[in-house]
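> Next comes the structure file data-v7.txt, holding compact mmCIF, C-alpha atoms.
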```txt
# COMPACT_ATOMS: atom_id res chain seq x y z
CA MET W 1 35.30 -1.07 -48.25
CA ALA W 2 35.83 -4.42 -49.96
CA THR W 3 38.84 -4.48 -52.26
CA LYS W 4 39.72 -8.17 -52.61
CA LYS W 5 38.91 -10.25 -55.66
CA ALA W 6 38.55 -14.01 -55.85
CA LEU W 7 38.84 -16.56 -58.63
CA ILE W 8 36.77 -19.73 -58.34
CA VAL W 9 37.45 -22.77 -60.49
CA GLY W 10 34.90 -25.57 -60.60
CA ALA W 11 31.92 -23.29 -59.91
CA THR W 12 29.51 -25.58 -61.76
CA GLY W 13 30.30 -28.54 -59.50
CA LEU W 14 28.61 -29.59 -56.27
CA ILE W 15 30.89 -27.76 -53.81
CA GLY W 16 31.81 -25.09 -56.34
CA GLY W 17 28.22 -24.00 -56.86
CA TYR W 18 27.71 -23.43 -53.16
CA CYS W 19 31.13 -21.80 -52.85
CA LEU W 20 30.27 -19.32 -55.60
CA GLN W 21 27.07 -18.35 -53.79
CA ALA W 22 28.97 -17.86 -50.54
CA LEU W 23 31.63 -15.71 -52.20
CA LEU W 24 29.04 -13.46 -53.82
CA LYS W 25 27.42 -12.90 -50.41
CA ASP W 26 30.74 -12.24 -48.68
CA PRO W 27 31.26 -8.48 -48.20
CA ALA W 28 35.05 -8.93 -48.11
CA TYR W 29 35.11 -9.54 -51.88
CA ALA W 30 34.50 -6.71 -54.31
CA GLY W 31 34.53 -9.07 -57.28
CA VAL W 32 34.37 -12.78 -58.07
CA ILE W 33 35.62 -14.38 -61.28
CA ALA W 34 34.31 -17.82 -62.20
CA LEU W 35 36.41 -19.86 -64.63
CA VAL W 36 34.10 -22.41 -66.25
CA ARG W 37 33.89 -24.68 -69.28
CA SER W 38 30.11 -24.92 -69.46
CA PRO W 39 27.47 -22.17 -69.27
CA GLN W 40 27.04 -20.57 -65.86
CA PRO W 41 23.44 -19.31 -65.54
CA MET W 42 24.04 -17.24 -62.41
CA THR W 43 24.27 -13.48 -62.75
CA HIS W 44 25.35 -11.02 -60.07
CA PRO W 45 26.83 -7.49 -60.02
CA LYS W 46 30.04 -8.87 -58.45
CA LEU W 47 30.37 -11.83 -60.82
CA LYS W 48 32.44 -12.07 -63.97
CA THR W 49 32.31 -15.36 -65.86
CA VAL W 50 35.24 -16.51 -68.01
CA TYR W 51 34.61 -19.40 -70.39
CA ALA W 52 37.61 -21.49 -71.39
CA GLY W 53 38.63 -25.00 -72.22
CA PHE W 54 41.08 -26.22 -69.65
CA ASP W 55 43.66 -26.81 -72.39
CA ASN W 56 43.64 -23.09 -73.10
CA LEU W 57 43.96 -21.58 -69.65
CA GLU W 58 46.77 -19.06 -70.01
CA PRO W 59 45.07 -16.79 -72.58
CA ALA W 60 41.75 -17.10 -70.73
CA LEU W 61 43.37 -15.86 -67.52
CA ALA W 62 45.34 -13.07 -69.19
CA GLY W 63 44.77 -9.81 -67.36
CA ILE W 64 43.02 -11.48 -64.43
CA GLU W 65 44.54 -10.67 -61.04
CA VAL W 66 43.02 -11.78 -57.75
CA HIS W 67 43.96 -12.10 -54.10
CA ASP W 68 42.41 -15.52 -53.40
CA VAL W 69 41.92 -18.61 -55.56
CA PHE W 70 39.22 -21.13 -54.63
CA CYS W 71 39.79 -24.45 -56.40
CA CYS W 72 36.78 -26.79 -56.27
CA LEU W 73 37.84 -29.06 -59.12
CA GLY W 74 37.28 -32.76 -58.74
CA THR W 75 36.04 -35.76 -60.67
CA THR W 76 35.94 -39.55 -60.39
CA ILE W 77 37.77 -42.18 -62.38
CA LYS W 78 34.42 -43.43 -63.68
CA LYS W 79 33.35 -39.99 -64.89
CA ALA W 80 36.79 -39.10 -66.26
CA GLY W 81 37.01 -42.40 -68.13
CA SER W 82 40.47 -43.50 -67.03
CA GLN W 83 43.08 -43.02 -64.34
CA GLN W 84 45.07 -40.84 -66.70
CA ALA W 85 42.09 -38.57 -67.38
CA PHE W 86 41.30 -38.40 -63.66
CA ARG W 87 44.87 -37.36 -62.88
CA LYS W 88 44.71 -34.65 -65.56
CA VAL W 89 41.84 -32.97 -63.71
CA ASP W 90 42.65 -33.62 -60.06
CA PHE W 91 46.41 -33.09 -60.30
CA THR W 92 47.61 -31.46 -63.51
CA LEU W 93 44.78 -28.98 -63.92
CA VAL W 94 44.78 -27.94 -60.26
CA LEU W 95 48.54 -27.41 -60.29
CA THR W 96 48.49 -25.52 -63.60
CA ILE W 97 45.89 -23.05 -62.32
CA ALA W 98 47.78 -22.62 -59.06
CA GLU W 99 51.03 -21.86 -60.88
CA LEU W 100 49.43 -19.45 -63.37
CA MET W 101 47.65 -17.45 -60.70
CA ARG W 102 50.66 -17.34 -58.38
CA LYS W 103 52.66 -15.78 -61.21
CA LYS W 104 49.90 -13.18 -61.49
CA GLY W 105 50.26 -12.30 -57.81
CA ALA W 106 47.60 -14.39 -56.06
CA ILE W 107 48.34 -14.60 -52.34
CA GLN W 108 46.11 -17.39 -51.07
CA PHE W 109 45.11 -20.72 -52.61
CA LEU W 110 42.27 -22.78 -51.14
CA VAL W 111 41.66 -26.26 -52.51
CA ILE W 112 39.24 -29.13 -51.96
CA SER W 113 41.21 -32.34 -51.48
CA SER W 114 39.92 -35.52 -49.84
CA MET W 115 39.99 -37.35 -46.56
CA GLY W 116 42.87 -39.83 -46.62
CA ALA W 117 44.92 -37.92 -49.18
CA ASP W 118 48.46 -39.30 -49.07
CA LYS W 119 51.13 -39.31 -51.77
CA ASN W 120 52.20 -42.77 -50.55
CA ALA W 121 48.70 -44.27 -50.46
CA LYS W 122 48.07 -47.57 -52.22
CA VAL W 123 44.65 -46.37 -53.38
CA PHE W 124 45.08 -44.44 -56.64
CA TYR W 125 42.48 -41.76 -55.81
CA SER W 126 44.01 -40.95 -52.42
CA ARG W 127 47.53 -41.06 -53.85
CA VAL W 128 46.73 -38.49 -56.57
CA LYS W 129 45.11 -36.20 -54.02
CA GLY W 130 48.18 -36.51 -51.83
CA GLU W 131 50.51 -35.79 -54.73
CA MET W 132 48.42 -32.74 -55.58
CA GLU W 133 48.72 -31.43 -52.03
CA THR W 134 52.49 -31.96 -52.02
CA ALA W 135 52.94 -30.22 -55.38
CA LEU W 136 50.89 -27.21 -54.27
CA LYS W 137 53.16 -26.71 -51.27
CA HIS W 138 56.03 -25.99 -53.66
CA VAL W 139 54.21 -23.40 -55.81
CA GLY W 140 55.11 -20.61 -53.40
CA TYR W 141 51.80 -19.31 -52.09
CA PRO W 142 52.17 -17.27 -48.90
CA CYS W 143 49.03 -19.06 -47.69
CA LEU W 144 47.78 -22.50 -48.76
CA ARG W 145 44.61 -23.96 -47.24
CA ILE W 146 43.72 -27.60 -47.90
CA ILE W 147 40.24 -28.89 -47.04
CA ARG W 148 39.80 -32.68 -46.78
CA PRO W 149 36.09 -33.52 -46.68
CA SER W 150 34.72 -37.00 -46.11
CA LEU W 151 31.93 -38.48 -48.24
CA LEU W 152 29.98 -35.58 -49.75
CA LEU W 153 26.22 -35.25 -49.50
CA GLY W 154 24.15 -33.04 -51.77
CA PRO W 155 22.22 -32.93 -55.05
CA ARG W 156 24.38 -34.00 -57.97
CA LYS W 157 23.47 -34.10 -61.64
CA GLU W 158 25.05 -37.53 -61.98
CA PHE W 159 24.34 -40.59 -59.86
CA ARG W 160 27.12 -41.72 -57.49
CA LEU W 161 26.36 -44.97 -55.71
CA GLY W 162 28.72 -44.37 -52.78
CA GLU W 163 27.20 -40.98 -52.01
CA LYS W 164 23.65 -42.33 -52.35
CA VAL W 165 24.44 -45.09 -49.85
CA GLY W 166 26.10 -42.53 -47.58
CA THR W 167 22.97 -40.37 -47.63
CA LEU W 168 20.76 -43.32 -46.65
CA LEU W 169 23.11 -44.41 -43.86
CA THR W 170 23.84 -40.96 -42.45
CA PRO W 171 21.39 -41.20 -39.50
CA VAL W 172 23.04 -44.46 -38.40
CA LEU W 173 26.58 -43.24 -39.02
CA GLN W 174 25.98 -40.13 -36.90
CA LEU W 175 25.40 -42.41 -33.90
CA PHE W 176 28.64 -44.35 -34.23
CA LEU W 177 31.12 -41.95 -35.82
CA ARG W 178 31.98 -39.85 -32.80
CA GLY W 179 35.18 -38.58 -31.20
CA PRO W 180 38.26 -39.56 -33.23
CA LEU W 181 35.95 -41.24 -35.77
CA GLY W 182 34.05 -38.01 -36.38
CA LYS W 183 36.09 -37.15 -39.46
CA TYR W 184 34.59 -40.16 -41.26
CA ARG W 185 31.04 -38.82 -41.07
CA PRO W 186 29.45 -37.84 -44.41
CA VAL W 187 29.36 -34.08 -44.77
CA GLN W 188 27.04 -31.75 -46.66
CA ALA W 189 28.68 -30.11 -49.68
CA GLU W 190 27.08 -26.79 -48.78
CA ALA W 191 28.74 -26.92 -45.35
CA VAL W 192 32.11 -27.61 -46.99
CA ALA W 193 31.69 -24.60 -49.29
CA ARG W 194 30.72 -22.25 -46.46
CA PHE W 195 33.65 -23.50 -44.42
CA MET W 196 36.02 -22.92 -47.32
CA VAL W 197 35.00 -19.28 -47.65
CA MET W 198 35.06 -18.78 -43.89
CA VAL W 199 38.64 -20.00 -43.43
CA ALA W 200 39.82 -17.70 -46.20
CA HIS W 201 39.58 -14.94 -43.59
CA GLN W 202 41.14 -16.95 -40.77
CA GLN W 203 44.39 -16.05 -39.04
CA PRO W 204 47.21 -16.74 -39.48
CA SER W 205 47.04 -15.73 -43.12
CA SER W 206 50.33 -17.42 -43.97
CA GLY W 207 51.68 -20.95 -44.03
CA VAL W 208 50.09 -24.27 -44.97
CA HIS W 209 46.87 -25.23 -43.21
CA VAL W 210 45.11 -28.60 -43.48
CA TYR W 211 41.50 -28.98 -42.33
CA GLU W 212 40.10 -32.45 -41.72
CA SER W 213 36.45 -33.26 -42.30
CA ASP W 214 35.38 -33.19 -38.65
CA MET W 215 36.38 -29.50 -38.44
CA ILE W 216 33.88 -28.45 -41.11
CA CYS W 217 30.78 -28.52 -38.92
CA GLN W 218 32.67 -27.55 -35.79
CA PRO W 219 34.20 -24.07 -36.21
CA LYS W 220 35.89 -24.35 -32.80
CA GLY W 221 37.67 -27.39 -34.19
CA MET W 222 39.64 -25.14 -36.47
CA LYS W 223 41.99 -24.64 -33.57
CA ARG W 224 43.03 -28.26 -34.15
CA GLN W 225 43.99 -27.69 -37.75
CA LYS W 226 47.28 -29.10 -38.94
CA ASP W 227 49.58 -26.18 -39.60
CA GLN W 228 52.54 -27.17 -41.70
CA LYS W 229 55.67 -25.31 -42.55
```
For the structure just supplied, provide its representation as structure tokens.


Amino acid sequence: MATKKALIVGATGLIGGYCLQALLKDPAYAGVIALVRSPQPMTHPKLKTVYAGFDNLEPALAGIEVHDVFCCLGTTIKKAGSQQAFRKVDFTLVLTIAELMRKKGAIQFLVISSMGADKNAKVFYSRVKGEMETALKHVGYPCLRIIRPSLLLGPRKEFRLGEKVGTLLTPVLQLFLRGPLGKYRPVQAEAVARFMVMVAHQQPSSGVHVYESDMICQPKGMKRQKDQK
């Protein structure tokens, strides 16, 4: 009988929407809580929706206890409006949620990062993602799973030039990005979401695990994950 509960943050986003659907179908979870800022039209017997501004998280999460946290937050500098605003979402907000839920007893934290994430990167976007990963490792989760997808494909509400170009070039890229270059292939957001929910049940259920993009469509490739102490 399912007893676990999950919290998903970013359920109205591209990956988050698919992740929410996958969680609701997963028999391992008795309940799913979606923390959102905007209306969430989906209804389901297992779903509880919590509306909150991200500057008012602690009272919104009061009384909420879960086993697993799925963090699908992510924006772009263009959409956020500035580097500072981007960092608030992709670093500060992610870390704040992780810390709050760990204090409430959450055991596992799964987060969408990005290919090339590196705290020492010269590129601001990759550097913030890397800093976020490093900070999460010090929160104290028994199990931390970091997923680093490549260019995401899927229907977005807003137009993103890079992703549109990636969609058009995908047939060509599939021919050339093979072997060690496989992780640079564009990847479907729905596949990332399904992978995220799948690895939540993977063993070992402790430690830090990093999954590169080429592992997402190749379940056997999970054996090549980077386990970190």

> Of the candidates W:Leu20, W:Val192, W:Ile107, W:Leu151, which one gets nearest to Ser206 (chain W) if we count only C-alpha atoms?

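Using only C-alpha atoms, Ser206 (chain W) sits closest to W:Ile107.
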
> Please list, as a PDB file with C-alpha atoms, in the frame of the given file, the residues that have an atom at most 12 Å away from (26.4, -25.2, -40.3) in the coordinates of this file, counting only C-alpha atoms.


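Final output, saved to out-v3.pdb:
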```pdb
ATOM      1  CA  VAL W 187      29.360 -34.080 -44.770  1.00  0.00           C
ATOM      2  CA  GLN W 188      27.040 -31.750 -46.660  1.00  0.00           C
ATOM      3  CA  ALA W 189      28.680 -30.110 -49.680  1.00  0.00           C
ATOM      4  CA  GLU W 190      27.080 -26.790 -48.780  1.00  0.00           C
ATOM      5  CA  ALA W 191      28.740 -26.920 -45.350  1.00  0.00           C
ATOM      6  CA  VAL W 192      32.110 -27.610 -46.990  1.00  0.00           C
ATOM      7  CA  ALA W 193      31.690 -24.600 -49.290  1.00  0.00           C
ATOM      8  CA  ARG W 194      30.720 -22.250 -46.460  1.00  0.00           C
ATOM      9  CA  PHE W 195      33.650 -23.500 -44.420  1.00  0.00           C
ATOM     10  CA  MET W 198      35.060 -18.780 -43.890  1.00  0.00           C
ATOM     11  CA  MET W 215      36.380 -29.500 -38.440  1.00  0.00           C
ATOM     12  CA  ILE W 216      33.880 -28.450 -41.110  1.00  0.00           C
ATOM     13  CA  CYS W 217      30.780 -28.520 -38.920  1.00  0.00           C
ATOM     14  CA  GLN W 218      32.670 -27.550 -35.790  1.00  0.00           C
ATOM     15  CA  PRO W 219      34.200 -24.070 -36.210  1.00  0.00           C
TER      16      PRO W 219
END
```

> Nearest to Val66 (chain W) among W:Ala98, W:Gln202, W:Arg185, W:Ala11, with distances taken over only C-alpha atoms: which residue is it?

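Of W:Ala98, W:Gln202, W:Arg185, W:Ala11, the one nearest Val66 (chain W), counting only C-alpha atoms, is W:Ala98.
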
> Suppose you want the space between CA of Ser113 (chain W) and CA of Gln84 (chain W); what is it in Å?

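These two atoms are separated by 17.9 Å.
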
> May I ask which of the residues W:Gly17, W:Lys137, W:Ile147, W:Leu153 is the closest one to Glu99 (chain W), counting only C-alpha atoms?

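Under the stated criterion, the closest residue is W:Lys137.
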
> Of the residues W:Ala2, W:Val89, W:Val94, W:Met101, which is the one nearest to Ala30 (chain W), using all atoms listed in the file?

W:Ala2
